[in-house]
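Colleague: Structure file start_6.txt (compact mmCIF, C-alpha atoms) is given on the next line.
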# COMPACT_ATOMS: atom_id res chain seq x y z
CA MET A 1 -28.06 263.73 32.33
CA SER A 2 -28.29 263.97 36.13
CA SER A 3 -28.39 260.61 37.87
CA THR A 4 -27.57 261.85 41.37
CA PHE A 5 -29.78 261.99 44.46
CA GLY A 6 -28.99 263.38 47.91
CA SER A 7 -26.47 265.78 49.40
CA HIS A 8 -25.12 264.40 52.71
CA PHE A 9 -25.66 260.81 51.55
CA LYS A 10 -25.23 261.15 47.80
CA ILE A 11 -25.87 258.38 45.29
CA SER A 12 -25.21 258.28 41.55
CA THR A 13 -26.72 255.38 39.62
CA TRP A 14 -25.27 254.27 36.29
CA GLY A 15 -25.80 251.78 33.46
CA GLU A 16 -28.32 250.91 30.77
CA SER A 17 -30.85 248.08 30.75
CA HIS A 18 -29.08 246.22 27.92
CA GLY A 19 -25.55 247.39 28.62
CA ALA A 20 -22.80 245.46 30.37
CA GLY A 21 -24.18 246.23 33.81
CA VAL A 22 -25.77 248.68 36.22
CA GLY A 23 -24.83 249.99 39.62
CA VAL A 24 -24.33 252.90 41.97
CA VAL A 25 -21.64 255.02 43.58
CA ILE A 26 -22.37 256.22 47.13
CA ASP A 27 -20.55 259.26 48.49
CA GLY A 28 -20.94 260.42 52.09
CA CYS A 29 -21.49 257.12 53.86
CA PRO A 30 -19.96 257.44 57.35
CA PRO A 31 -17.08 255.15 58.30
CA GLY A 32 -17.44 252.32 60.78
CA VAL A 33 -20.84 251.02 59.67
CA SER A 34 -21.18 247.24 59.45
CA LEU A 35 -21.96 246.30 55.85
CA SER A 36 -21.73 242.99 54.04
CA ARG A 37 -22.37 241.90 50.48
CA GLU A 38 -25.13 239.62 51.82
CA MET A 39 -27.03 242.59 53.27
CA ILE A 40 -27.11 244.27 49.87
CA GLN A 41 -27.85 241.03 48.01
CA GLN A 42 -30.85 240.31 50.22
CA ALA A 43 -32.38 243.63 49.18
CA LEU A 44 -31.65 243.02 45.49
CA ASP A 45 -33.16 239.52 45.63
CA ARG A 46 -36.51 241.10 46.54
CA ARG A 47 -36.35 243.35 43.46
CA ARG A 48 -34.93 240.97 40.85
CA PRO A 49 -36.94 239.68 37.87
CA GLY A 50 -38.13 236.10 37.48
CA GLN A 51 -39.43 235.75 41.06
CA SER A 52 -42.85 234.39 40.10
CA ASP A 53 -45.25 233.89 37.21
CA ILE A 54 -46.74 237.40 37.61
CA VAL A 55 -43.49 239.31 36.92
CA THR A 56 -41.13 239.53 33.96
CA PRO A 57 -39.51 236.17 33.13
CA ARG A 58 -36.13 237.82 32.44
CA GLN A 59 -33.66 235.68 34.38
CA GLU A 60 -31.13 237.82 36.20
CA ALA A 61 -29.42 236.77 39.44
CA ASP A 62 -28.53 240.44 40.05
CA GLU A 63 -25.43 239.44 41.97
CA VAL A 64 -23.82 242.51 43.50
CA GLU A 65 -20.09 243.16 43.71
CA ILE A 66 -18.63 245.67 46.17
CA LEU A 67 -15.82 247.41 44.30
CA SER A 68 -14.72 249.96 46.88
CA GLY A 69 -15.41 251.68 50.19
CA VAL A 70 -15.74 248.57 52.40
CA LEU A 71 -13.01 246.64 54.23
CA ASP A 72 -13.61 243.49 56.26
CA GLY A 73 -17.35 244.20 56.50
CA THR A 74 -16.98 247.82 57.61
CA THR A 75 -17.47 251.05 55.64
CA LEU A 76 -14.34 253.17 55.23
CA GLY A 77 -16.00 256.57 54.77
CA THR A 78 -14.76 256.63 51.17
CA PRO A 79 -16.98 256.26 48.07
CA ILE A 80 -18.73 252.89 47.87
CA ALA A 81 -19.06 251.47 44.34
CA LEU A 82 -21.54 248.65 43.76
CA SER A 83 -21.86 246.79 40.46
CA VAL A 84 -24.33 244.26 38.99
CA ARG A 85 -23.74 242.59 35.62
CA ASN A 86 -26.51 242.24 33.02
CA LYS A 87 -26.55 238.63 31.82
CA ASP A 88 -29.95 237.88 30.25
CA HIS A 89 -30.51 240.89 28.01
CA ARG A 90 -31.87 240.17 24.52
CA SER A 91 -31.45 243.34 22.52
CA SER A 92 -32.68 241.74 19.30
CA ALA A 93 -36.22 241.82 20.71
CA TYR A 94 -36.04 245.61 20.39
CA ASP A 95 -34.72 245.84 16.81
CA GLU A 96 -38.09 247.08 15.53
CA MET A 97 -38.18 249.79 18.22
CA GLN A 98 -34.90 251.33 17.06
CA HIS A 99 -36.85 253.74 14.87
CA ILE A 100 -40.34 253.55 16.42
CA TYR A 101 -41.51 255.43 19.51
CA ARG A 102 -43.36 253.14 21.91
CA PRO A 103 -46.57 254.70 23.32
CA SER A 104 -46.16 256.14 26.84
CA HIS A 105 -42.43 255.34 26.89
CA ALA A 106 -39.53 257.80 27.07
CA ASP A 107 -38.40 257.07 23.48
CA TYR A 108 -39.67 260.24 21.79
CA CYS A 109 -38.75 262.52 24.68
CA TYR A 110 -35.19 261.13 24.88
CA ASP A 111 -34.72 261.67 21.14
CA ALA A 112 -36.10 265.19 21.38
CA LYS A 113 -33.90 266.06 24.37
CA TYR A 114 -30.59 264.34 23.56
CA GLY A 115 -30.77 263.58 19.85
CA ILE A 116 -29.81 259.98 20.65
CA ARG A 117 -31.17 257.17 22.82
CA ALA A 118 -30.32 253.67 23.97
CA TRP A 119 -33.28 252.05 22.23
CA ALA A 120 -32.74 248.48 23.47
CA GLY A 121 -34.70 248.01 26.68
CA GLY A 122 -35.21 251.73 27.18
CA GLY A 123 -31.70 252.47 28.41
CA ARG A 124 -31.77 254.69 31.50
CA ALA A 125 -35.57 254.86 31.35
CA SER A 126 -35.75 251.15 32.14
CA ALA A 127 -36.78 250.04 35.62
CA ARG A 128 -33.51 248.09 35.66
CA GLU A 129 -31.92 251.39 36.73
CA THR A 130 -33.57 250.86 40.12
CA ILE A 131 -31.00 248.17 40.96
CA GLY A 132 -28.63 250.98 41.96
CA ARG A 133 -31.31 252.56 44.14
CA VAL A 134 -32.08 249.31 45.96
CA ALA A 135 -28.40 248.56 46.53
CA ALA A 136 -27.81 252.07 47.86
CA GLY A 137 -30.96 251.80 49.97
CA ALA A 138 -29.51 248.75 51.71
CA VAL A 139 -26.43 250.79 52.63
CA ALA A 140 -28.61 253.68 53.82
CA GLU A 141 -30.63 251.26 55.95
CA ALA A 142 -27.42 250.06 57.61
CA VAL A 143 -26.51 253.67 58.47
CA VAL A 144 -29.97 254.51 59.81
CA ARG A 145 -30.15 251.34 61.90
CA ARG A 146 -26.72 252.12 63.37
CA LEU A 147 -28.04 255.48 64.57
CA CYS A 148 -31.70 254.58 65.22
CA PRO A 149 -32.05 250.79 65.61
CA ASP A 150 -35.83 250.79 66.08
CA VAL A 151 -36.74 252.47 62.78
CA ALA A 152 -38.76 250.20 60.48
CA VAL A 153 -39.80 250.79 56.85
CA ILE A 154 -42.59 248.57 55.51
CA GLY A 155 -44.00 248.81 52.00
CA TRP A 156 -46.86 246.80 50.51
CA VAL A 157 -49.19 246.68 47.53
CA GLU A 158 -52.38 248.35 48.69
CA GLN A 159 -54.26 248.21 45.39
CA VAL A 160 -54.04 246.49 42.01
CA HIS A 161 -56.44 248.01 39.46
CA THR A 162 -59.77 248.00 41.37
CA ILE A 163 -58.80 245.43 44.02
CA VAL A 164 -57.99 247.09 47.36
CA CYS A 165 -56.30 245.49 50.35
CA PRO A 166 -58.31 246.60 53.44
CA VAL A 167 -55.49 246.30 56.02
CA ARG A 168 -54.70 249.59 57.78
CA PRO A 169 -51.08 250.86 57.88
CA GLU A 170 -50.70 250.29 61.62
CA GLU A 171 -51.80 246.66 61.16
CA VAL A 172 -49.49 245.72 58.27
CA ASN A 173 -47.06 242.92 59.07
CA ALA A 174 -43.84 242.73 57.05
CA ALA A 175 -43.73 238.93 57.27
CA VAL A 176 -47.22 238.66 55.74
CA VAL A 177 -46.23 241.03 52.93
CA GLU A 178 -43.22 238.88 52.05
CA SER A 179 -45.21 235.66 52.26
CA ASN A 180 -47.09 236.23 48.97
CA ILE A 181 -45.95 236.98 45.42
CA VAL A 182 -47.94 240.22 45.13
CA ARG A 183 -46.45 241.69 48.35
CA THR A 184 -49.77 242.76 49.75
CA ALA A 185 -50.89 242.70 53.38
CA ASP A 186 -53.31 239.75 53.48
CA ALA A 187 -53.73 236.41 51.74
CA GLU A 188 -57.25 237.00 50.38
CA SER A 189 -56.23 240.23 48.64
CA ALA A 190 -53.07 238.55 47.33
CA ALA A 191 -55.04 235.79 45.60
CA LYS A 192 -57.42 238.26 43.93
CA MET A 193 -54.61 240.58 42.82
CA ALA A 194 -52.50 237.74 41.42
CA ALA A 195 -55.48 236.44 39.45
CA ALA A 196 -56.13 239.91 37.99
CA ILE A 197 -52.47 240.30 36.96
CA ARG A 198 -52.45 236.87 35.31
CA GLU A 199 -55.64 237.69 33.40
CA ALA A 200 -54.24 241.01 32.17
CA ARG A 201 -51.00 239.30 31.10
CA SER A 202 -52.93 236.61 29.18
CA GLN A 203 -54.71 239.38 27.27
CA GLY A 204 -51.46 241.20 26.46
CA ASP A 205 -52.55 244.04 28.74
CA SER A 206 -51.27 245.53 32.01
CA LEU A 207 -52.46 246.90 35.35
CA GLY A 208 -51.47 249.72 37.69
CA GLY A 209 -52.24 250.36 41.33
CA ILE A 210 -51.01 251.78 44.63
CA VAL A 211 -48.00 250.98 46.79
CA ALA A 212 -48.29 252.13 50.40
CA CYS A 213 -45.41 252.52 52.82
CA THR A 214 -45.12 253.27 56.52
CA VAL A 215 -42.15 254.34 58.63
CA ARG A 216 -42.37 253.29 62.26
CA ASN A 217 -40.34 254.69 65.18
CA CYS A 218 -38.99 257.59 63.12
CA PRO A 219 -37.08 260.08 65.30
CA VAL A 220 -38.58 263.54 65.80
CA GLY A 221 -36.98 266.47 63.98
CA LEU A 222 -36.11 265.15 60.51
CA GLY A 223 -36.74 267.59 57.67
CA ASP A 224 -36.32 271.32 57.05
CA PRO A 225 -39.11 273.91 57.33
CA VAL A 226 -39.15 275.29 53.77
CA PHE A 227 -37.85 273.74 50.54
CA ASP A 228 -36.41 270.55 52.03
CA LYS A 229 -39.48 269.52 53.97
CA LEU A 230 -39.39 265.80 54.75
CA GLU A 231 -42.47 265.18 52.60
CA ALA A 232 -40.96 267.27 49.78
CA THR A 233 -37.82 265.11 49.74
CA LEU A 234 -39.94 261.97 49.90
CA ALA A 235 -42.05 263.25 47.00
CA HIS A 236 -38.89 263.95 44.99
CA ALA A 237 -37.61 260.45 45.71
CA MET A 238 -40.87 258.64 45.01
CA LEU A 239 -41.85 260.50 41.85
CA SER A 240 -38.41 259.68 40.43
CA ILE A 241 -39.29 255.97 40.48
CA PRO A 242 -40.24 254.68 37.00
CA ALA A 243 -44.04 254.48 36.47
CA CYS A 244 -44.87 256.45 39.64
CA LYS A 245 -47.44 259.13 38.77
CA GLY A 246 -48.73 260.30 42.16
CA PHE A 247 -47.66 260.66 45.79
CA GLU A 248 -49.35 261.60 49.05
CA VAL A 249 -48.55 261.71 52.78
CA GLY A 250 -51.09 261.24 55.56
CA SER A 251 -54.59 262.27 54.54
CA GLY A 252 -53.24 263.42 51.17
CA PHE A 253 -55.94 263.97 48.59
CA THR A 254 -58.69 263.05 51.04
CA ALA A 255 -57.85 266.11 53.19
CA PRO A 256 -60.38 268.40 51.41
CA ARG A 257 -63.21 266.17 52.68
CA TYR A 258 -62.64 267.30 56.28
CA ARG A 259 -63.19 270.45 58.27
CA GLY A 260 -60.22 271.75 60.23
CA SER A 261 -61.92 270.71 63.47
CA GLU A 262 -62.01 267.14 62.17
CA HIS A 263 -58.59 267.07 60.57
CA ASN A 264 -56.31 268.60 63.23
CA ASP A 265 -54.15 266.09 65.11
CA ALA A 266 -54.59 266.92 68.82
CA PHE A 267 -51.49 266.61 71.01
CA TYR A 268 -51.37 264.74 74.30
CA MET A 269 -48.70 263.41 76.65
CA GLU A 270 -47.79 259.73 76.84
CA GLY A 271 -45.36 259.71 79.74
CA GLU A 272 -42.50 261.94 78.60
CA ARG A 273 -43.42 261.68 74.93
CA VAL A 274 -45.55 264.13 72.94
CA ARG A 275 -48.08 262.20 70.85
CA THR A 276 -51.03 262.96 68.54
CA ARG A 277 -54.42 261.29 68.98
CA THR A 278 -54.95 261.06 65.21
CA ASN A 279 -52.42 261.01 62.38
CA PHE A 280 -53.93 262.90 59.46
CA SER A 281 -50.54 264.62 59.13
CA GLY A 282 -48.91 261.31 58.32
CA GLY A 283 -46.12 261.78 60.83
CA ILE A 284 -44.92 265.09 59.35
CA GLN A 285 -45.89 268.61 60.45
CA GLY A 286 -44.31 271.80 59.14
CA GLY A 287 -42.07 269.63 56.99
CA ILE A 288 -40.55 267.96 60.07
CA SER A 289 -41.15 264.47 61.49
CA ASN A 290 -43.18 264.47 64.72
CA GLY A 291 -42.45 260.89 65.83
CA GLU A 292 -45.72 259.36 64.65
CA ASP A 293 -45.82 256.80 61.84
CA ILE A 294 -45.03 258.33 58.46
CA ASN A 295 -47.69 257.00 56.09
CA MET A 296 -47.45 257.49 52.34
CA ARG A 297 -49.07 256.17 49.17
CA LEU A 298 -47.77 256.05 45.60
CA ALA A 299 -49.84 255.67 42.44
CA PHE A 300 -48.24 253.55 39.68
CA LYS A 301 -49.52 253.61 36.12
CA PRO A 302 -50.18 250.40 34.17
CA THR A 303 -47.04 249.07 32.50
CA ALA A 304 -46.61 250.92 29.20
CA THR A 305 -45.47 247.91 27.15
CA LEU A 306 -48.46 245.96 25.84
CA MET A 307 -48.53 242.82 23.72
CA LEU A 308 -51.24 244.49 21.64
CA GLU A 309 -51.08 246.56 18.46
CA GLN A 310 -51.09 250.31 19.13
CA ASP A 311 -50.95 253.47 17.03
CA THR A 312 -47.67 255.37 17.22
CA VAL A 313 -45.09 257.21 15.07
CA ASN A 314 -41.48 256.54 14.07
CA ASP A 315 -38.43 258.80 14.14
CA ALA A 316 -39.26 259.94 10.59
CA HIS A 317 -42.55 261.24 12.05
CA GLN A 318 -44.63 258.75 10.10
CA GLU A 319 -47.70 257.15 11.67
CA VAL A 320 -47.25 253.39 12.13
CA ARG A 321 -48.57 250.44 14.15
CA LEU A 322 -46.54 248.60 16.76
CA ARG A 323 -47.02 245.43 18.80
CA GLY A 324 -44.96 245.22 22.00
CA LYS A 325 -42.14 242.70 22.28
CA GLY A 326 -39.69 241.67 24.98
CA ARG A 327 -40.19 240.50 28.55
CA HIS A 328 -42.06 242.84 30.84
CA ASP A 329 -44.06 242.98 34.05
CA ALA A 330 -47.79 243.07 33.42
CA CYS A 331 -47.92 244.92 36.76
CA VAL A 332 -44.85 246.61 38.27
CA LEU A 333 -46.21 246.79 41.82
CA PRO A 334 -44.78 243.60 43.43
CA ARG A 335 -41.24 244.52 42.40
CA ALA A 336 -41.79 248.23 43.10
CA VAL A 337 -42.22 247.62 46.84
CA PRO A 338 -38.49 247.14 47.59
CA VAL A 339 -37.68 250.13 45.38
CA VAL A 340 -40.07 252.33 47.38
CA GLU A 341 -38.58 251.09 50.65
CA ALA A 342 -35.06 251.76 49.36
CA MET A 343 -35.91 255.34 48.46
CA VAL A 344 -37.44 255.88 51.90
CA TRP A 345 -34.24 254.61 53.56
CA LEU A 346 -32.22 256.98 51.39
CA VAL A 347 -34.36 259.96 52.39
CA LEU A 348 -34.25 259.05 56.09
CA CYS A 349 -30.48 258.63 55.95
CA GLU A 350 -30.05 261.99 54.21
CA HIS A 351 -32.14 263.87 56.76
CA LEU A 352 -30.73 262.00 59.74
CA LEU A 353 -27.13 262.84 58.78
CA HIS A 354 -28.20 266.45 58.16
CA GLN A 355 -29.85 266.68 61.57
CA ARG A 356 -26.79 265.25 63.33
CA ALA A 357 -24.61 267.85 61.61
CA LEU A 358 -27.05 270.62 62.55
CA ARG A 359 -27.19 270.07 66.33
CA LEU A 360 -24.61 269.12 68.92
CA ASN A 361 -27.22 267.79 71.36
Translate this file's structure into structure tokens.
Modeller:
Amino acid sequence: MSSTFGSHFKISTWGESHGAGVGVVIDGCPPGVSLSREMIQQALDRRRPGQSDIVTPRQEADEVEILSGVLDGTTLGTPIALSVRNKDHRSSAYDEMQHIYRPSHADYCYDAKYGIRAWAGGGRASARETIGRVAAGAVAEAVVRRLCPDVAVIGWVEQVHTIVCPVRPEEVNAAVVESNIVRTADAESAAKMAAAIREARSQGDSLGGIVACTVRNCPVGLGDPVFDKLEATLAHAMLSIPACKGFEVGSGFTAPRYRGSEHNDAFYMEGERVRTRTNFSGGIQGGISNGEDINMRLAFKPTATLMLEQDTVNDAHQEVRLRGKGRHDACVLPRAVPVVEAMVWLVLCEHLLHQRALRLN
């Protein structure tokens, strides 16, 4: 089972949802980068469960421990191992699921592929695996900021079910996003989204939506022209996030609505800098960053675990009924935002280190 992402900045996540713990090993982090436990913990605190009444009530402090690769607040250039203990797992809630495949979960597919599965909490298919991603993303952010201090990555919930936040990417303020429990870009949308999530939870149901993310002040030249296009690596990263079912950059799936004369991003000079008057390309052209904001959107499905009876089958291939149990997010979007941002930092770090190795000037 591959759990590795990246080449120059390589991460390998490990651990099961109801095992002793989860974490990540990072290989390829340059030496001499300032890195503290607090920097990583701050990122994990944004992802952890139990933050509000609209997310899973599982109580985990998600306290990170740096096991290797850092000395006196500075990276050594050797592998960095980060560990988080699981403390509030209740495997007994999943006893019934040991032999029953939950609808729209990985249970059946894992059994078919491996002949065995960690049935409690979903094992590696659980969103708890993303702890390793977020921890590694904090390290990647430290590397990127060392090389390009002005780069900013801002994610937010753009849509919950049918409720859409109208704020444009260039207007999104990170402080506003973090000021509400939904992590959307304005207070009015936040109130409506939170109410919809609470209503779905009270009915035993769930909601999906869209997380948007923008990268500001990205350097020009990141990405390769063919198979490792910047948007291709971003797509790989984003579609690997649990519950993510769609990804687009720039105009994305709205591009067919335009004629080429409407859609082309015209170049102009702003002092010594080459700019584009529009940004339908989403900051990437020919697979390479052009210096404009990189705008992306991710579609997340409704949480698969429902507190409602559903038709399914068991591992004896008998048709049965199942009611969901355990503690789950009725909507994954608020906690998905820091995961999306972490994966963007990882992609930027990977391409930035590659570009520095490619050119001497």
Colleague: Select, from A:Gln42, A:Ser52, A:Thr184, A:Asn290, the residue with the minimum atom-to-atom distance to Val167 in chain A, counting all atoms listed in the file.
Modeller: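 Closest to Val167 in chain A of all the choices is A:Thr184.
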Colleague: Do you know which residues are at most 10 Å from Arg46 in chain A counting all atoms listed in the file, after dropping those on the same chain fewer than 4 positions away, and could you put them as number ranges by chain?
Modeller: A: 41-42, 51, 134, 178, 334-339
Colleague: What would the file look like if the residues just selected were written as a JSON list (two decimals), in the coordinates of the input with C-alpha atoms?
Modeller:
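File produced: again_25.json:
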[["chain", "number", "residue", "atom", "x", "y", "z"],
["A", 41, "GLN", "CA", -27.85, 241.03, 48.01],
["A", 42, "GLN", "CA", -30.85, 240.31, 50.22],
["A", 51, "GLN", "CA", -39.43, 235.75, 41.06],
["A", 134, "VAL", "CA", -32.08, 249.31, 45.96],
["A", 178, "GLU", "CA", -43.22, 238.88, 52.05],
["A", 334, "PRO", "CA", -44.78, 243.60, 43.43],
["A", 335, "ARG", "CA", -41.24, 244.52, 42.40],
["A", 336, "ALA", "CA", -41.79, 248.23, 43.10],
["A", 337, "VAL", "CA", -42.22, 247.62, 46.84],
["A", 338, "PRO", "CA", -38.49, 247.14, 47.59],
["A", 339, "VAL", "CA", -37.68, 250.13, 45.38]]
Colleague: Which is closer to Glu341 in chain A than all the others in A:Ser7, A:Thr130, A:Thr305, A:Gln59, using all atoms listed in the file?
Modeller: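 Using all atoms listed in the file, the shortest distance to Glu341 in chain A belongs to A:Thr130.
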Colleague: Might you pull out every residue within 10 Å of Ala20 in chain A, with all atoms listed in the file counted and same-chain residues fewer than 4 positions away left off, and present them as an NGL selection string?
Modeller: :A and (15-16 or 84-87 or 89)
Colleague: What is the CA of Asp186 in chain A to CA of Thr214 in chain A distance in Å?
Modeller: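 Distance between the two atoms: 16.1 Å.
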Colleague: As a PDB file with C-alpha atoms, in the frame of the given file, please: the residues near Ser289 in chain A (cut-off 8 Å, all atoms listed in the file, same-chain neighbours under 2 positions excluded).
Modeller:
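Dumped everything to part_11.pdb:
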ATOM      1  CA  CYS A 218     -38.990 257.590  63.120  1.00  0.00           C
ATOM      2  CA  PRO A 219     -37.080 260.080  65.300  1.00  0.00           C
ATOM      3  CA  VAL A 220     -38.580 263.540  65.800  1.00  0.00           C
ATOM      4  CA  GLY A 221     -36.980 266.470  63.980  1.00  0.00           C
ATOM      5  CA  LEU A 222     -36.110 265.150  60.510  1.00  0.00           C
ATOM      6  CA  GLY A 223     -36.740 267.590  57.670  1.00  0.00           C
ATOM      7  CA  LEU A 230     -39.390 265.800  54.750  1.00  0.00           C
ATOM      8  CA  GLY A 283     -46.120 261.780  60.830  1.00  0.00           C
ATOM      9  CA  ILE A 284     -44.920 265.090  59.350  1.00  0.00           C
ATOM     10  CA  GLN A 285     -45.890 268.610  60.450  1.00  0.00           C
ATOM     11  CA  GLY A 287     -42.070 269.630  56.990  1.00  0.00           C
ATOM     12  CA  GLY A 291     -42.450 260.890  65.830  1.00  0.00           C
ATOM     13  CA  GLU A 292     -45.720 259.360  64.650  1.00  0.00           C
ATOM     14  CA  ILE A 294     -45.030 258.330  58.460  1.00  0.00           C
TER      15      ILE A 294
END
Colleague: Have a look at A:Ser281, A:Gln318, A:Thr254, A:Thr233 and name the one nearest to Met343 in chain A; count only C-alpha atoms.
Modeller: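 When distances to Met343 in chain A are compared using only C-alpha atoms, the smallest one comes from A:Thr233.
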Colleague: Which distance in Å separates CA of Glu38 in chain A and CA of Ile241 in chain A, to one decimal?
Modeller: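 One can read the CA of Glu38 in chain A to CA of Ile241 in chain A distance as 24.4 Å.
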Colleague: Excluding Glu319 in chain A and its own-chain neighbours fewer than 6 positions away, which residues fall within 12 Å of it when counting only C-alpha atoms? Please give them as a list of chain:residue names.
Modeller: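 Final neighbour list, sorted by chain and number: A:His99, A:Ile100, A:Tyr101, A:Arg102, A:Pro103, A:Gln310, A:Asp311, A:Thr312, A:Val313.
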Colleague: Determine, counting only C-alpha atoms, which protein, DNA and RNA residues have an atom within 9 Å of an atom of His161 in chain A; residues of the same chain fewer than 2 positions away are not included. Present the result as JSON, numbers by chain.
Modeller: {"A": [159, 163, 164, 193, 196, 207, 208, 209, 210, 302]}
Colleague: Which of these, A:Asp111, A:Asp53, A:Glu231, A:Asp27, has the shortest distance to Thr78 in chain A once you count all atoms listed in the file?
Modeller: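 The answer is A:Asp27, which sits nearest to Thr78 in chain A.
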Colleague: If I take CA of Arg216 in chain A and CA of Glu141 in chain A, how far is one from the other in Å, to one decimal?
Modeller: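 It comes out at 13.5 Å.
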Colleague: So which residues are close to (-52.8, 237.2, 26.2), meaning at most 12 Å away in the file's coordinates with only C-alpha atoms counted, and can you show them as a PDB file with C-alpha atoms, in the coordinates of the input?
Modeller:
ATOM      1  CA  ILE A 197     -52.470 240.300  36.960  1.00  0.00           C
ATOM      2  CA  ARG A 198     -52.450 236.870  35.310  1.00  0.00           C
ATOM      3  CA  GLU A 199     -55.640 237.690  33.400  1.00  0.00           C
ATOM      4  CA  ALA A 200     -54.240 241.010  32.170  1.00  0.00           C
ATOM      5  CA  ARG A 201     -51.000 239.300  31.100  1.00  0.00           C
ATOM      6  CA  SER A 202     -52.930 236.610  29.180  1.00  0.00           C
ATOM      7  CA  GLN A 203     -54.710 239.380  27.270  1.00  0.00           C
ATOM      8  CA  GLY A 204     -51.460 241.200  26.460  1.00  0.00           C
ATOM      9  CA  ASP A 205     -52.550 244.040  28.740  1.00  0.00           C
ATOM     10  CA  SER A 206     -51.270 245.530  32.010  1.00  0.00           C
ATOM     11  CA  LEU A 306     -48.460 245.960  25.840  1.00  0.00           C
ATOM     12  CA  MET A 307     -48.530 242.820  23.720  1.00  0.00           C
ATOM     13  CA  LEU A 308     -51.240 244.490  21.640  1.00  0.00           C
ATOM     14  CA  GLY A 324     -44.960 245.220  22.000  1.00  0.00           C
ATOM     15  CA  ALA A 330     -47.790 243.070  33.420  1.00  0.00           C
TER      16      ALA A 330
END
Colleague: Neighbourhood query: residues within 12 Å of (-43.2, 242.1, 57.8), file coordinates, counting only C-alpha atoms; return as a ChimeraX atom specification.
Modeller: /A:152-156,169-180,183-186,213-214
Colleague: Between A:Ala81, A:Val347, A:Ala342, A:Ala43, which residue has the minimum interatomic distance to Asp228 in chain A, considering only C-alpha atoms?
Modeller: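 Among the listed residues, the smallest separation from Asp228 in chain A belongs to A:Val347.
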Colleague: Given the choices A:Ser3, A:Ser251, A:Thr276, A:Ser34, which gets closest to Arg133 in chain A if the distance is worked out from only C-alpha atoms?
Modeller: A:Ser3
